[in-house]
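Step one of this worksheet: look at the structure below.
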Amino acid sequence: MEEKLKIDEDIMLLMLLIKKTMHLITGFAEILTGKDCSNECKNHYSQQIILVVERLLKLMDDIILFDKFSNDDKVELNFFDLNKVFQKLFIIYSEDVAGKDLNFICKKACSFPDSLIYSNEKMVKMMLENLIDNALKHTITGTIEFGYELIDDHYLSIYVKDTGIGIKENEKKKIFDLFYRSPEAIEKNIEGIGIGLNIVSRLAKMMDVEISLTTEHGKGSCFRLKLKRNKMAQ
């Protein structure tokens with residue numbers, strides 16, 4: 001009963017967020033149609049509308065996919081090549097990083113067939129996307145690195161680390177809460193609404209994946225996911 005109430009509360013918060021976003025788009029559109037809006041003004045607010053809509057679509061995609069995972073009776077597991085997932089993400093995010101003062105690095109611990117793991121490819125990919133998105137939002141200059149390391153024959157550790165603003169000690173337990181954003185992120189007007197890390201946390205719980213975080217305020221953060229490599233892992 002308590003879990004259902006929590007889900008209903010989260011749905012209501014998401015609905016309010018979507019409503020707020022739609023009001024923002026409406027406001028931009030009203031400015032665009034105003035008589036005093038110059039060509040420069042129109043270009044600016046047109047770009048703002050595109051950005052807001054893209055964020056909203058990404059949010060809706062995450063919600064739809066997460067809802068599908070949540071409604072499944074059990075997590076579907078299959079063997080897949082982790083290197084292929086990493087390579088695809090590296091190509092996609094390299095375009096986002098292009099033109100920024102950032103080193104974007106992808107490290108793979110082994111080659112095929114050792115890169116085969118027994119897990120849920122879509123869920124692993126979704127966790128990685130949200131962790132990389134989080135790193136990109138909080139890192140202006142320096143390095144963002146994602147990769148994986150083999151722990152033993154049965155487990156591996158996927159990581160995403162950055163040289164961003166880091167997380168204060170008293171905020172470490174809050175960052176996975178739905179809609180939580182640090183005061184510093186709000187003050188610096190860092191993009192985000194506080195959903196990505198919450199999705200990572202929920203997916204990890206569904207998959208029985210351990211999450212760990214090492215961070216130093218002002219120097220960066222490193223998120224790690226401990227995943228099973230094969231059916232023999234207990």
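Residues are referred to by chain and number: the chain letter is A, B, ... according to the order shown in the structure tokens, the number counts from 1 in that chain, and ligands are numbered separately from 1 in the order shown.
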Within 12 Å of segment 114-118 of chain A using only C-alpha atoms, minus same-chain residues under 2 positions, as a ChimeraX atom specification: /A:75-86,108-112,120-121,124,147-150,152-158,207,227-233
Distance criterion (only C-alpha atoms): nearest to Asp101 of chain A out of A:Phe179, A:Lys226, A:Leu131, A:Leu136: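 Of all the options, A:Leu136 lies closest to Asp101 of chain A.
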Test item: residues at most 7 Å from Thr139 of chain A, only C-alpha atoms, excluding those fewer than 3 positions along its chain, as a list of chain:residue names: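 With the cut-off at 7 Å, the set is A:Ala135, A:Leu136, A:Asp162, A:Thr163, A:Gly164, A:Ile165.
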Nearby residues (only C-alpha atoms) at most 12 Å from Ser221 of chain A, same-chain spacing under 2 positions excluded, as a ChimeraX atom specification: /A:131-132,134-136,138-139,143-146,159-169,172,212-219,223-224
